[in-house]
Amino acid sequence: MGTSLNIVENNLHEVAVQGRPYLFHIPSTSLFEPGDLVGDIIGTLRGGEHTLHSLCDSLAGRYPAEDVSGALGELQTLQLVAGGEAVAEHSPPLELENFPLTTVVLNVNTACNLACTYCYKEDLDVPSAGKKMSFETARDALEMLLAESPDQPRYNIVFFGGEPLSNLPLLKQVVTYAEERFRDLDARIDFSLTTNATLLTERTVDYLNEHNIGIAVSMDGPAAYHDRNRITVGGKGTYATVARKVEMLLSRYTARPVGARVTLTRGITDIDSIWDHLFNTLGFAEVGFAPVTSGDIASYNLEPEELVEVFANMKKLGEKYLDAALQDRSIGFSNLHQLLTDIHEGTKKALPCGAGVGMVAIDHEGDVNLCHRFTGSELPRFGDVSSGLDKDGLNHFLNQRMEQKEHGCNSCRIRNLCAGGCYHESYARYGDPVKPTWHYCDLMRDWVDFGISVYTRILADNPGFFNRYLSPRSAQS
Ligand code: SF4
Ligand code: SF4
């Protein structure tokens, strides 16, 4: 009597792409074509109880016993087949002593010159009441970054607001300081910002270009969509100004590809025409969509049936992406680009994002927040730029999330890609950032399946696409 064998369903997801079966190895987020023997082993084990001996007997007419036993050994190494009890993936408690912090987000001004209706950042102020970060606070934030995480080859500074260009003098001071400081350390420093574009001038664009500062523009599509929510303090739509500024920006700025970030709120699901306008008409290199499912103002959240439509429309645009990729072109659809990058690189996330681990946000007073979306919120801070990170607090927070996720996400096939979802979405929806975002899991799983099928089709017919279009992008981000 040998040990009985069983499939570890928790680690295995099968996807058929154009009639061909693929196995998605959940623990490592990797994909492979099983081949006949592996397919038959899995089919046989699913069909009834087997030991190694009886499995070899069942497959004896088709494969020699040593081939069956070799393939079974590989499946066991991958934890796709186990003897006896199923193996459960378990995340050990985190105990981070040295945080791999490489990114600080600086909230350089709490004010924004616009009054977008869906934006309710807790610390957002009208222009006259903006609280600006001082240079001393920004400098201490960079010194904290270096003290917490010395000897890294590369660091990132992200300028955020409000509108980051509304405190251009500080931004320039920080760039001058950081360029020299990091040069002396022989480390690379990378700057980036997200802007509403309205304050861009030719001089500012030339400055951003000269210092290789990455730019993303918040823009919601053609005027009919953009002007619904992205308005001035006086209530006027900003499309005409933003489109003019974007044209100027894209004609002068050559340092890096410029992306558009689209916020999809209630009533707006038309992904294709928004992408078409931003990519083809205005000429952005990439367009990324953020569907609002748990915004700070609930009335802007997409209705459940609209969210279903958004994902269906993302898949339609994804088909266009696929057609272009097979002709070796990219249509700059960031959401799919990112998913394919994760699948290609076998990304395995224990946590949903770098917030509180590789990245923190510093508010205008110098306090440490999980990320830019938490500045001004009720969530307790995690230290400050003078005393450093509150590591106990961060460890406690991250472990609470790991524990909740462990209970609710451990049988989910995309657990190592989603890892429970955005802390801020949970905070806005449930008032509890450690609770996973369990309100649209089926849509997310379906989206990942779609990504897997696009990935395999590109892999089969134009494998060079990944090195040409995905790898340079990851090196930049
Ligand atoms: S939040 Fe939902 S989709 Fe994400 S890992 Fe958990 S169960 Fe899966
Ligand atoms: S918590 Fe959410 S908003 Fe903040 S960095 Fe993570 S994914 Fe982004």
# chains A, B, ... in the order shown; residues from 1 in each chain; ligands from 1
>>> residues_around(residues="Leu339 (chain A)", least_positions_apart="2", cutoff="9 Å", atoms="only C-alpha atoms", output="compact mmCIF listing (two decimals) with C-alpha atoms, in the first residue's frame")
# COMPACT_ATOMS: atom_id res chain seq x y z
CA SER A 334 -1.78 50.24 -18.96
CA ASN A 335 -4.09 47.95 -17.00
CA LEU A 336 -3.50 45.00 -19.31
CA HIS A 337 0.16 45.91 -19.77
CA THR A 341 4.03 42.15 -16.86
CA ASP A 342 3.04 40.45 -13.58
CA ILE A 343 2.33 37.16 -15.37
CA HIS A 344 5.50 37.43 -17.44
CA LEU A 417 -1.56 38.81 -7.78
CA VAL A 448 -6.85 37.71 -14.65
CA GLY A 451 -4.93 38.29 -19.06
CA ILE A 452 -3.65 34.70 -18.99
>>> residues_near_ligand(ligand="ligand 2", cutoff="6 Å", atoms="only C-alpha atoms and all ligand atoms", output="list in words")
Cys353, Ala355, Cys371, Arg373, Cys422, Tyr423 and His424 of chain A
>>> closest_residue(among="A:Tyr427, A:Tyr63, A:Trp438, A:Phe465", to="Gly408 (chain A)", atoms="only C-alpha atoms")
A:Trp438
>>> closest_atom_pairs(of="chain A", to="ligand 1", cutoff="8 Å", atoms="only C-alpha atoms and all ligand atoms", output="Markdown table")
| residue | atom | partner | partner_atom_place_in_ligand_line | distance |
| --- | --- | --- | --- | --- |
| A:Lys405 | CA | ligand 1 | 6 (Fe) | 6.4 |
| A:Gly408 | CA | ligand 1 | 7 (S) | 6.1 |
| A:Cys409 | CA | ligand 1 | 6 (Fe) | 4.0 |
| A:Asn410 | CA | ligand 1 | 5 (S) | 7.4 |
| A:Ser411 | CA | ligand 1 | 7 (S) | 7.5 |
| A:Cys412 | CA | ligand 1 | 8 (Fe) | 4.6 |
| A:Arg413 | CA | ligand 1 | 8 (Fe) | 6.7 |
| A:Ile414 | CA | ligand 1 | 8 (Fe) | 5.4 |
| A:Arg415 | CA | ligand 1 | 5 (S) | 3.8 |
| A:Asn416 | CA | ligand 1 | 5 (S) | 7.0 |
| A:Leu417 | CA | ligand 1 | 5 (S) | 7.2 |
| A:Cys418 | CA | ligand 1 | 4 (Fe) | 4.5 |
| A:Ala419 | CA | ligand 1 | 5 (S) | 4.6 |
| A:Gly420 | CA | ligand 1 | 1 (S) | 3.7 |
| A:Gly421 | CA | ligand 1 | 1 (S) | 5.4 |
| A:Pro436 | CA | ligand 1 | 1 (S) | 4.9 |
| A:Thr437 | CA | ligand 1 | 1 (S) | 4.8 |
| A:Trp438 | CA | ligand 1 | 1 (S) | 4.7 |
| A:His439 | CA | ligand 1 | 2 (Fe) | 7.4 |
| A:Tyr440 | CA | ligand 1 | 2 (Fe) | 6.9 |
| A:Cys441 | CA | ligand 1 | 3 (S) | 3.9 |
| A:Asp442 | CA | ligand 1 | 3 (S) | 6.7 |
| A:Met444 | CA | ligand 1 | 3 (S) | 5.7 |
| A:Arg445 | CA | ligand 1 | 3 (S) | 6.0 |
>>> residues_around(residues="region 144-155 of chain A", least_positions_apart="6", cutoff="9 Å", atoms="only C-alpha atoms", output="list in words")
Asn98, Phe99, Pro100, Leu101, Thr102, Thr103, Val104, Phe182, Leu185, Asp186, Ala187, Arg188, Ile189, Asp190, Phe191, Asp384, Val385, Ser386, Ser387, Gly388 and Leu389 of chain A
>>> closest_residue(among="A:Thr51, A:Asn10, A:Thr77, A:Asn462", to="Arg329 (chain A)", atoms="only C-alpha atoms")
A:Asn462
>>> select_by_dssp(residues="region 109-241 of chain A", states="strand (DSSP E)", output="list in words")
Arg154, Tyr155, Asn156, Ile157, Val158, Phe159, Phe160, Arg188, Ile189, Asp190, Phe191, Ser192, Leu193, Thr194, Thr195, Gly214, Ile215, Ala216, Val217 and Ser218 of chain A
>>> write_last_selection(atoms="N, CA and C atoms", output="short mmCIF file (atom, residue, chain, number, x, y, z; two decimals), in the first residue's frame")
data_model
loop_
_atom_site.label_atom_id
_atom_site.label_comp_id
_atom_site.auth_asym_id
_atom_site.auth_seq_id
_atom_site.Cartn_x
_atom_site.Cartn_y
_atom_site.Cartn_z
N ARG A 154 18.98 52.41 -6.11
CA ARG A 154 18.02 53.29 -6.76
C ARG A 154 16.92 53.70 -5.77
N TYR A 155 16.55 54.98 -5.81
CA TYR A 155 15.48 55.50 -4.95
C TYR A 155 14.50 56.30 -5.81
N ASN A 156 13.29 56.48 -5.28
CA ASN A 156 12.27 57.23 -6.03
C ASN A 156 11.64 58.30 -5.14
N ILE A 157 11.45 59.46 -5.75
CA ILE A 157 10.71 60.52 -5.06
C ILE A 157 9.50 60.85 -5.93
N VAL A 158 8.32 60.81 -5.31
CA VAL A 158 7.09 61.10 -6.04
C VAL A 158 6.50 62.38 -5.45
N PHE A 159 6.22 63.35 -6.32
CA PHE A 159 5.62 64.60 -5.85
C PHE A 159 4.12 64.49 -5.97
N PHE A 160 3.45 64.80 -4.87
CA PHE A 160 2.00 64.63 -4.85
C PHE A 160 1.35 65.82 -4.17
N ARG A 188 21.05 55.96 -7.92
CA ARG A 188 20.18 56.61 -8.90
C ARG A 188 18.94 57.16 -8.19
N ILE A 189 18.54 58.36 -8.56
CA ILE A 189 17.32 58.91 -8.00
C ILE A 189 16.35 59.19 -9.14
N ASP A 190 15.12 58.75 -8.94
CA ASP A 190 14.12 58.89 -9.99
C ASP A 190 12.96 59.75 -9.45
N PHE A 191 12.54 60.75 -10.23
CA PHE A 191 11.45 61.63 -9.79
C PHE A 191 10.22 61.38 -10.66
N SER A 192 9.04 61.53 -10.07
CA SER A 192 7.83 61.46 -10.89
C SER A 192 6.70 62.24 -10.21
N LEU A 193 5.69 62.55 -10.99
CA LEU A 193 4.52 63.25 -10.44
C LEU A 193 3.29 62.97 -11.30
N THR A 194 2.14 63.16 -10.66
CA THR A 194 0.86 63.10 -11.38
C THR A 194 0.24 64.48 -11.27
N THR A 195 -0.14 65.04 -12.42
CA THR A 195 -0.62 66.41 -12.43
C THR A 195 -1.94 66.53 -13.17
N GLY A 214 9.34 61.97 -14.38
CA GLY A 214 8.24 61.25 -15.01
C GLY A 214 6.90 61.96 -14.78
N ILE A 215 6.05 61.94 -15.81
CA ILE A 215 4.77 62.67 -15.71
C ILE A 215 3.60 61.76 -16.07
N ALA A 216 2.59 61.79 -15.22
CA ALA A 216 1.29 61.21 -15.59
C ALA A 216 0.27 62.33 -15.46
N VAL A 217 -0.69 62.36 -16.38
CA VAL A 217 -1.70 63.42 -16.37
C VAL A 217 -3.06 62.81 -16.00
N SER A 218 -3.73 63.44 -15.05
CA SER A 218 -5.09 62.99 -14.71
C SER A 218 -6.04 63.61 -15.73
#
>>> select_by_dssp(residues="region 207-318 of chain A", states="alpha helix (DSSP H)", output="PyMOL selection string")
chain A and resi 207-210+223-229+239-252+271-275+304-318
>>> atom_distance(atom1="CA of Glu136 (chain A)", atom2="CA of Ser166 (chain A)")
18.1 Å
>>> residues_around(residues="Phe450 (chain A)", least_positions_apart="4", cutoff="9 Å", atoms="only C-alpha atoms", output="number ranges by chain")
A: 315, 318, 445-446, 454-455
>>> closest_residue(among="A:Glu163, A:Glu247, A:Asp461, A:Glu345", to="Leu31 (chain A)", atoms="only C-alpha atoms")
A:Glu345
>>> closest_residue(among="A:Arg429, A:Arg401, A:Arg252, A:His277", to="Pro222 (chain A)", atoms="only C-alpha atoms")
A:His277
>>> residues_around(residues="Thr137 (chain A)", least_positions_apart="5", cutoff="8 Å", atoms="only C-alpha atoms", output="mmCIF file with C-alpha atoms, in the first residue's frame")
data_model
loop_
_atom_site.group_PDB
_atom_site.id
_atom_site.type_symbol
_atom_site.label_atom_id
_atom_site.label_comp_id
_atom_site.auth_asym_id
_atom_site.auth_seq_id
_atom_site.Cartn_x
_atom_site.Cartn_y
_atom_site.Cartn_z
ATOM 1 C CA HIS A 364 3.037 68.419 4.820
ATOM 2 C CA GLU A 365 3.800 68.145 8.532
ATOM 3 C CA GLY A 366 6.331 65.378 8.044
ATOM 4 C CA VAL A 385 10.584 62.248 9.362
#
>>> residues_around(residues="Ser453 (chain A)", least_positions_apart="6", cutoff="12 Å", atoms="only C-alpha atoms", output="MDAnalysis selection string")
chainID A and resid 14:24 31:32 315 318:319 322 336 339:340 343 446:447 459:460
>>> closest_residue(among="A:His226, A:His372, A:Lys435, A:Arg203", to="Pro352 (chain A)", atoms="only C-alpha atoms")
A:Lys435
>>> atom_distance(atom1="CA of Thr375 (chain A)", atom2="CA of Ala361 (chain A)")
7.4 Å
>>> residues_around(residues="His211 (chain A)", least_positions_apart="5", cutoff="12 Å", atoms="only C-alpha atoms", output="ChimeraX atom specification")
/A:171-172,174-176,178-179,189-192,204-206,253-256
>>> atom_distance(atom1="CA of Val38 (chain A)", atom2="CA of Glu74 (chain A)")
9.6 Å
>>> closest_residue(among="A:Leu370, A:Leu142, A:Asp184, A:Tyr207", to="Pro169 (chain A)", atoms="only C-alpha atoms")
A:Tyr207
